[in-house]
$ cat run_32.txt   # compact mmCIF, C-alpha atoms
# COMPACT_ATOMS: atom_id res chain seq x y z
CA ALA A 1 243.51 -122.32 -28.43
CA SER A 2 242.43 -118.80 -29.31
CA SER A 3 244.22 -118.88 -32.68
CA GLY A 4 242.42 -122.15 -33.52
CA PHE A 5 239.08 -120.59 -32.67
CA ASN A 6 239.77 -117.57 -34.86
CA PHE A 7 240.79 -119.79 -37.77
CA ALA A 8 237.54 -121.74 -37.61
CA ALA A 9 235.48 -118.57 -37.36
CA ALA A 10 237.28 -117.11 -40.36
CA THR A 11 236.69 -120.15 -42.58
CA ILE A 12 232.97 -120.73 -41.90
CA PRO A 13 231.73 -117.93 -44.22
CA ALA A 14 234.17 -119.06 -46.91
CA VAL A 15 232.66 -122.56 -46.89
CA ALA A 16 229.15 -121.16 -47.19
CA LYS A 17 230.15 -118.86 -50.05
CA SER A 18 231.87 -121.67 -51.90
CA LEU A 19 228.54 -123.43 -52.50
CA PRO A 20 227.01 -122.81 -55.97
CA PRO A 21 224.53 -119.89 -55.89
CA ASP A 22 221.65 -121.92 -57.36
CA THR A 23 222.00 -124.77 -54.88
CA THR A 24 222.94 -122.99 -51.65
CA SER A 25 219.36 -122.74 -50.39
CA ASP A 26 218.50 -126.28 -51.48
CA ALA A 27 221.59 -127.62 -49.72
CA VAL A 28 220.36 -126.13 -46.48
CA GLU A 29 216.60 -126.72 -46.85
CA GLY A 30 216.37 -129.67 -49.24
CA LYS A 31 214.33 -130.09 -52.42
CA ILE A 32 210.55 -129.58 -52.31
CA GLU A 33 207.86 -130.90 -54.63
CA GLU A 34 206.74 -127.43 -55.75
CA LEU A 35 210.09 -126.84 -57.48
CA SER A 36 209.07 -129.22 -60.28
CA SER A 37 206.04 -127.10 -61.25
CA GLY A 38 206.01 -124.10 -63.56
CA PRO A 39 205.10 -121.56 -60.85
CA GLY A 40 207.64 -123.20 -58.52
CA LYS A 41 210.46 -122.81 -61.03
CA LYS A 42 209.45 -119.21 -61.67
CA ALA A 43 209.47 -118.40 -57.94
CA ALA A 44 212.83 -120.14 -57.43
CA GLN A 45 214.41 -118.16 -60.27
CA ALA A 46 212.99 -114.93 -58.86
CA PHE A 47 214.38 -115.72 -55.41
CA ASP A 48 217.82 -116.54 -56.79
CA SER A 49 217.85 -113.35 -58.83
CA VAL A 50 217.04 -111.15 -55.83
CA LEU A 51 219.44 -113.15 -53.65
CA SER A 52 222.32 -112.57 -56.06
CA ASP A 53 221.74 -108.80 -55.86
CA ALA A 54 221.45 -108.72 -52.07
CA ASP A 55 224.76 -108.01 -50.32
CA GLY A 56 225.71 -110.36 -47.51
CA CYS A 57 222.89 -112.86 -48.17
CA THR A 58 223.79 -116.48 -48.90
CA THR A 59 220.72 -118.67 -48.27
CA THR A 60 217.92 -116.41 -47.01
CA LEU A 61 216.62 -112.91 -47.61
CA PRO A 62 215.51 -110.35 -45.03
CA SER A 63 211.79 -109.57 -44.98
CA SER A 64 212.63 -106.11 -46.36
CA GLN A 65 213.36 -107.83 -49.71
CA PHE A 66 209.81 -109.26 -49.99
CA GLU A 67 208.64 -106.36 -52.16
CA ALA A 68 211.52 -107.01 -54.57
CA LEU A 69 210.54 -110.69 -54.70
CA VAL A 70 206.91 -109.82 -55.39
CA ASP A 71 207.93 -107.50 -58.22
CA GLU A 72 210.22 -110.17 -59.66
CA VAL A 73 207.33 -112.65 -60.08
CA GLY A 74 205.02 -109.97 -61.48
CA GLU A 75 202.62 -109.65 -58.55
CA GLY A 76 201.51 -106.42 -56.95
CA PHE A 77 200.75 -106.02 -53.25
CA HIS A 78 200.72 -102.84 -51.20
CA GLY A 79 200.11 -101.70 -47.63
CA ASP A 80 198.15 -104.06 -45.41
CA GLU A 81 197.89 -106.70 -48.12
CA MET A 82 201.68 -106.73 -48.47
CA ASP A 83 202.06 -107.20 -44.70
CA LYS A 84 199.46 -109.98 -44.75
CA GLN A 85 201.27 -111.88 -47.49
CA LEU A 86 204.63 -111.46 -45.79
CA ALA A 87 203.21 -112.82 -42.53
CA SER A 88 202.07 -115.95 -44.37
CA ILE A 89 205.70 -116.60 -45.37
CA ASP A 90 207.54 -115.49 -42.21
CA LYS A 91 205.13 -117.19 -39.83
CA ASP A 92 207.48 -117.17 -36.83
CA GLY A 93 208.31 -113.48 -37.30
CA LYS A 94 212.08 -113.98 -37.53
CA GLY A 95 212.36 -111.48 -40.36
CA ASP A 96 213.88 -113.97 -42.82
CA ILE A 97 212.50 -115.44 -46.06
CA THR A 98 213.81 -118.80 -47.21
CA ARG A 99 213.78 -119.98 -50.80
CA ASN A 100 211.43 -122.89 -50.15
CA ALA A 101 209.04 -120.76 -48.11
CA PHE A 102 208.79 -118.24 -50.95
CA VAL A 103 208.29 -120.97 -53.55
CA ARG A 104 205.48 -122.55 -51.51
CA TRP A 105 203.84 -119.16 -50.98
CA TYR A 106 203.87 -118.32 -54.68
CA CYS A 107 202.54 -121.76 -55.74
CA ASN A 108 199.68 -121.44 -53.24
CA LEU A 109 198.94 -117.93 -54.52
CA VAL A 110 198.72 -119.15 -58.14
CA ASP A 111 196.48 -122.08 -57.17
CA GLN A 112 194.22 -119.77 -55.19
CA ASN A 113 193.89 -117.35 -58.12
CA ASP A 114 193.01 -120.21 -60.47
CA ASP A 115 190.37 -121.49 -58.05
CA ASP A 116 188.92 -118.00 -57.65
CA ASP A 117 188.66 -117.55 -61.44
CA GLY A 118 186.96 -120.91 -61.87
CA SER A 119 184.50 -120.46 -59.01
CA SER A 120 183.70 -116.94 -60.22
CA GLN A 121 182.66 -118.16 -63.67
CA GLU A 122 180.70 -121.06 -62.20
CA SER A 123 178.81 -118.59 -60.03
CA GLU A 124 178.02 -116.39 -63.02
CA ILE A 125 176.81 -119.37 -65.06
CA ALA A 126 174.54 -120.52 -62.22
CA GLU A 127 173.13 -117.01 -61.85
CA GLU A 128 172.42 -116.57 -65.58
CA LYS A 129 170.90 -120.06 -65.80
CA GLU A 130 168.50 -119.27 -62.98
CA LYS A 131 167.48 -116.00 -64.64
CA ALA A 132 166.90 -117.76 -67.97
CA GLU A 133 164.79 -120.48 -66.36
CA GLU A 134 162.62 -117.90 -64.59
CA ALA A 135 162.14 -115.88 -67.78
CA PHE A 136 161.27 -118.99 -69.79
CA ASP A 137 158.80 -120.29 -67.21
CA ALA A 138 157.09 -116.89 -67.03
CA LEU A 139 156.51 -116.96 -70.78
CA ALA A 140 155.74 -120.69 -71.12
CA LYS A 141 153.23 -120.72 -68.23
CA GLU A 142 154.01 -124.31 -67.16
CA ALA A 143 153.80 -125.60 -70.72
CA GLY A 144 157.49 -126.49 -70.80
CA GLN A 145 157.83 -124.97 -74.27
CA ILE A 146 157.20 -121.75 -76.17
CA SER A 147 156.30 -120.94 -79.75
CA VAL A 148 159.18 -119.87 -81.97
CA THR A 149 157.37 -116.54 -82.37
CA ASP A 150 157.96 -115.86 -78.67
CA PHE A 151 161.73 -116.23 -78.96
CA PRO A 152 162.39 -112.48 -79.53
CA LYS A 153 160.24 -111.60 -76.51
CA LEU A 154 162.08 -114.14 -74.33
CA LEU A 155 165.50 -112.90 -75.38
CA GLU A 156 164.61 -109.26 -74.78
CA SER A 157 163.21 -110.10 -71.33
CA LEU A 158 166.72 -111.29 -70.44
CA GLY A 159 168.24 -107.97 -71.47
CA SER A 160 169.62 -109.20 -74.81
CA THR A 161 168.94 -107.70 -78.23
CA TYR A 162 167.11 -109.81 -80.79
CA CYS A 163 168.69 -109.80 -84.25
CA GLU A 164 166.49 -111.36 -86.90
CA GLU A 165 169.34 -112.27 -89.24
CA GLU A 166 171.50 -113.84 -86.53
CA HIS A 167 168.79 -115.53 -84.47
CA ARG A 168 166.82 -116.90 -87.42
CA ARG A 169 169.51 -119.57 -87.67
CA THR A 170 169.42 -120.05 -83.88
CA ILE A 171 165.67 -120.66 -83.92
CA LYS A 172 166.07 -123.18 -86.71
CA LYS A 173 168.77 -124.96 -84.72
CA ILE A 174 167.00 -125.26 -81.35
CA SER A 175 163.36 -125.56 -82.41
CA SER A 176 161.36 -128.76 -82.91
CA VAL A 177 157.91 -129.73 -84.13
CA ASP A 178 155.22 -130.27 -81.50
CA GLY A 179 153.73 -133.74 -81.88
CA THR A 180 150.21 -132.55 -81.08
CA SER A 181 149.83 -129.21 -82.86
CA ASN A 182 152.59 -129.67 -85.48
CA ASP A 183 153.73 -126.14 -84.62
CA LYS A 184 157.40 -125.25 -84.29
CA VAL A 185 158.30 -124.84 -80.62
CA ILE A 186 161.35 -124.37 -78.39
CA THR A 187 161.64 -126.55 -75.30
CA ARG A 188 162.93 -125.28 -71.97
CA LYS A 189 166.04 -127.47 -72.04
CA ALA A 190 166.90 -126.57 -75.64
CA PHE A 191 166.71 -122.85 -74.89
CA ILE A 192 168.63 -122.98 -71.59
CA ASP A 193 171.44 -125.07 -73.11
CA TRP A 194 171.77 -122.72 -76.08
CA TYR A 195 171.53 -119.55 -73.97
CA ILE A 196 174.31 -120.56 -71.54
CA ASP A 197 176.56 -121.66 -74.41
CA TRP A 198 175.80 -118.40 -76.23
CA LEU A 199 176.82 -116.32 -73.20
CA PHE A 200 179.84 -118.27 -71.98
CA GLY A 201 180.92 -120.51 -74.88
CA ASP A 202 183.37 -119.59 -77.64
CA GLY A 203 180.67 -119.85 -80.33
CA ASP A 204 182.84 -121.98 -82.67
CA SER A 205 180.29 -124.75 -83.16
CA GLU A 206 177.50 -122.37 -84.14
CA GLU A 207 179.76 -120.38 -86.47
CA GLU A 208 180.96 -123.57 -88.17
CA SER A 209 177.36 -124.72 -88.58
CA ASP A 210 176.40 -121.37 -90.08
CA ASP A 211 179.37 -121.46 -92.47
CA GLU A 212 178.46 -124.96 -93.62
CA SER A 213 174.83 -123.96 -94.18
CA THR A 214 175.86 -120.85 -96.10
CA ALA A 215 178.35 -122.77 -98.22
CA GLY A 216 175.75 -125.43 -98.98
CA GLN A 217 173.18 -122.83 -100.00
CA GLU A 218 175.68 -121.00 -102.20
CA LEU A 219 176.59 -124.29 -103.91
CA ALA A 220 172.91 -125.07 -104.52
CA ASP A 221 172.27 -121.57 -105.86
CA SER A 222 175.26 -121.74 -108.23
CA SER A 223 174.10 -125.14 -109.47
CA ASP A 224 170.60 -123.85 -110.12
CA ALA A 225 172.01 -120.81 -111.91
CA ALA A 226 174.14 -123.01 -114.13
CA LYS A 227 171.13 -125.12 -115.06
CA ASP A 228 169.04 -122.05 -115.83
CA SER A 229 171.72 -120.50 -118.04
CA THR A 230 172.23 -123.66 -120.10
CA GLY A 231 168.65 -124.89 -120.20
CA GLY A 232 169.49 -127.88 -118.01
CA ALA A 233 172.15 -129.35 -120.29
CA ALA A 234 175.81 -128.61 -120.85
CA GLU A 235 176.67 -127.75 -124.44
CA GLY A 236 179.84 -126.86 -126.40
CA TRP A 237 183.10 -128.59 -125.60
CA GLY A 238 181.71 -130.00 -122.36
CA GLY A 239 178.94 -131.69 -124.28
CA MET A 240 181.45 -133.50 -126.43
CA PHE A 241 182.78 -135.36 -123.38
CA LYS A 242 179.40 -136.57 -122.04
CA LYS A 243 178.47 -140.23 -122.12
CA SER A 244 178.69 -141.45 -125.70
CA GLU A 245 175.80 -143.06 -127.60
CA GLU A 246 176.06 -146.43 -129.31
CA GLY A 247 178.22 -146.37 -132.46
CA SER A 248 180.02 -143.15 -131.54
CA TRP A 249 183.74 -142.85 -132.29
CA LYS A 250 186.68 -141.14 -130.66
CA CYS A 251 189.05 -138.91 -132.59
CA ASN A 252 192.61 -140.20 -132.42
CA VAL A 253 194.02 -136.66 -132.59
CA CYS A 254 192.01 -134.60 -130.08
CA MET A 255 190.27 -137.49 -128.26
CA VAL A 256 186.81 -135.95 -128.72
CA THR A 257 183.93 -138.43 -128.90
CA ASN A 258 181.80 -137.88 -131.99
CA SER A 259 178.36 -139.10 -133.10
CA PRO A 260 178.09 -142.15 -135.38
CA SER A 261 176.93 -140.04 -138.31
CA ALA A 262 179.93 -137.69 -138.25
CA SER A 263 182.50 -138.57 -140.94
CA VAL A 264 185.03 -136.02 -139.68
CA CYS A 265 185.77 -134.69 -136.20
CA PRO A 266 184.08 -131.26 -135.88
CA ALA A 267 186.81 -130.15 -133.48
CA CYS A 268 189.92 -130.79 -135.57
CA GLU A 269 188.47 -132.00 -138.94
CA THR A 270 190.27 -135.33 -138.70
CA PRO A 271 188.46 -138.00 -140.79
CA LYS A 272 186.66 -140.80 -139.00
CA PRO A 273 188.91 -143.90 -138.79
CA GLY A 274 188.17 -146.22 -141.74
CA SER A 275 186.43 -143.57 -143.76
CA GLU A 276 189.53 -142.48 -145.65
CA GLY A 277 189.39 -145.50 -147.98
CA GLU A 278 185.70 -145.02 -148.60
CA ALA A 279 186.25 -141.37 -149.45
CA ALA A 280 189.12 -142.27 -151.83
CA GLY A 281 186.99 -144.95 -153.58
CA THR A 282 184.15 -142.55 -154.04
CA LYS A 283 186.48 -139.97 -155.63
CA ALA A 284 187.90 -142.65 -157.99
CA SER A 285 184.49 -143.77 -159.20
CA VAL A 286 183.43 -140.24 -159.86
CA ALA A 287 186.59 -139.64 -161.88

$ encode --input "run_32.txt" --output "structure tokens"
Amino acid sequence: ASSGFNFAAATIPAVAKSLPPDTTSDAVEGKIEELSSGPGKKAAQAFDSVLSDADGCTTTLPSSQFEALVDEVGEGFHGDEMDKQLASIDKDGKGDITRNAFVRWYCNLVDQNDDDDGSSQESEIAEEKEKAEEAFDALAKEAGQISVTDFPKLLESLGSTYCEEEHRRTIKKISSVDGTSNDKVITRKAFIDWYIDWLFGDGDSEEESDDESTAGQELADSSDAAKDSTGGAAEGWGGMFKKSEEGSWKCNVCMVTNSPSASVCPACETPKPGSEGEAAGTKASVA
């Protein structure tokens, strides 16, 4: 009886060690939903890596390996914060960390960080919006709008620097004409929307609009310059290809369109089609 007992005791560890390293913990605990996510896969790989380096560990890690796990996933906890995080994994205080427990902990940590980042920005946006509304109302004095000439004063009251070159385009974009006075004004909503986007947006839309305006102006300027330099009409070779007048003819050699009165092509001196016979008859009569 005793030899049978010893045989069983000797073979139990061998059975556990025969399981594949990447499935040992899952075989004991079962699959969890978090393993299908990116953070879950990262945490599982980190656990397996530390587990493979830990002597005598097959499915779980001692709590003393938590720091190694944290380093493996790229997080940094120290002192009381490290103890607090460990307690959230080893809730019963047994001193062991399972693969699934670590994966769940890491996924919750990532979700919490994402939520904190989002709520932090939302709080900043709400704070800046409130400041902008107060500054606008102080300048507008219940009118709901300000003159475009007050834009620099409004911006500086919010702690921003007014740049004439940059904000000239901004004023043009957000201003409108008052129906009563016909003056250019900026409404409360137009300013607040622009100001929040200016602070927290990526600025792509405004830059693209500026580029389009600049490109359009440059095109108009180059067109005006071309007209000025040529007196409003294109001459030379370009003029030869403009819309032909009635009776004009096209040279068969260089394809230039010539006026009806031209007997030879001025470009290549090819005679006008049909004029060769006339020229020959004229020479014969003279002879």

$ closest_residue --input "run_32.txt" --among "A:Pro260, A:Pro273, A:Gly201, A:Gly159" --to "Gly247 in chain A" --atoms "only C-alpha atoms"
A:Pro260

$ atom_distance --input "run_32.txt" --atom1 "CA of Leu199 in chain A" --atom2 "CA of Glu164 in chain A"
17.9 Å

$ residues_around --input "run_32.txt" --residues "Ser175 in chain A" --least-positions-apart "2" --cutoff "6 Å" --atoms "all atoms listed in the file" --output "PyMOL selection string"
chain A and resi 171-173+185-186

$ atom_distance --input "run_32.txt" --atom1 "CA of Asn108 in chain A" --atom2 "CA of Lys42 in chain A"
13.1 Å

$ atom_distance --input "run_32.txt" --atom1 "CA of Lys129 in chain A" --atom2 "CA of Val110 in chain A"
28.9 Å

$ residues_around --input "run_32.txt" --residues "Asp96 in chain A" --least-positions-apart "4" --cutoff "9 Å" --atoms "only C-alpha atoms" --output "VMD selection string"
chain A and resid 60 to 64 89 to 90

$ residues_around --input "run_32.txt" --residues "Ala87 in chain A" --least-positions-apart "6" --cutoff "12 Å" --atoms "only C-alpha atoms" --output "VMD selection string"
chain A and resid 63 66 80 to 81 93 to 97 101 to 102 105

$ residues_around --input "run_32.txt" --residues "range 130-139 of chain A" --least-positions-apart "6" --cutoff "7 Å" --atoms "all atoms listed in the file" --output "CSV table (one decimal) with C-alpha atoms, keeping the file's coordinate frame"
chain,number,residue,atom,x,y,z
A,154,LEU,CA,162.1,-114.1,-74.3
A,157,SER,CA,163.2,-110.1,-71.3
A,158,LEU,CA,166.7,-111.3,-70.4
A,188,ARG,CA,162.9,-125.3,-72.0
A,192,ILE,CA,168.6,-123.0,-71.6

$ residues_near_point --input "run_32.txt" --point "(170.8, -113.5, -84.9)" --cutoff "12 Å" --atoms "only C-alpha atoms" --output "list in words"
Phe151, Pro152, Leu155, Ser160, Thr161, Tyr162, Cys163, Glu164, Glu165, Glu166, His167, Arg168, Arg169, Thr170, Ile171, Lys172, Lys173, Trp198, Glu206, Glu207 and Asp210 of chain A

$ residues_around --input "run_32.txt" --residues "Leu51 in chain A" --least-positions-apart "2" --cutoff "12 Å" --atoms "only C-alpha atoms" --output "NGL selection string"
:A and (21-25 or 44-49 or 53-62 or 65-66 or 68-69 or 72 or 97-99)
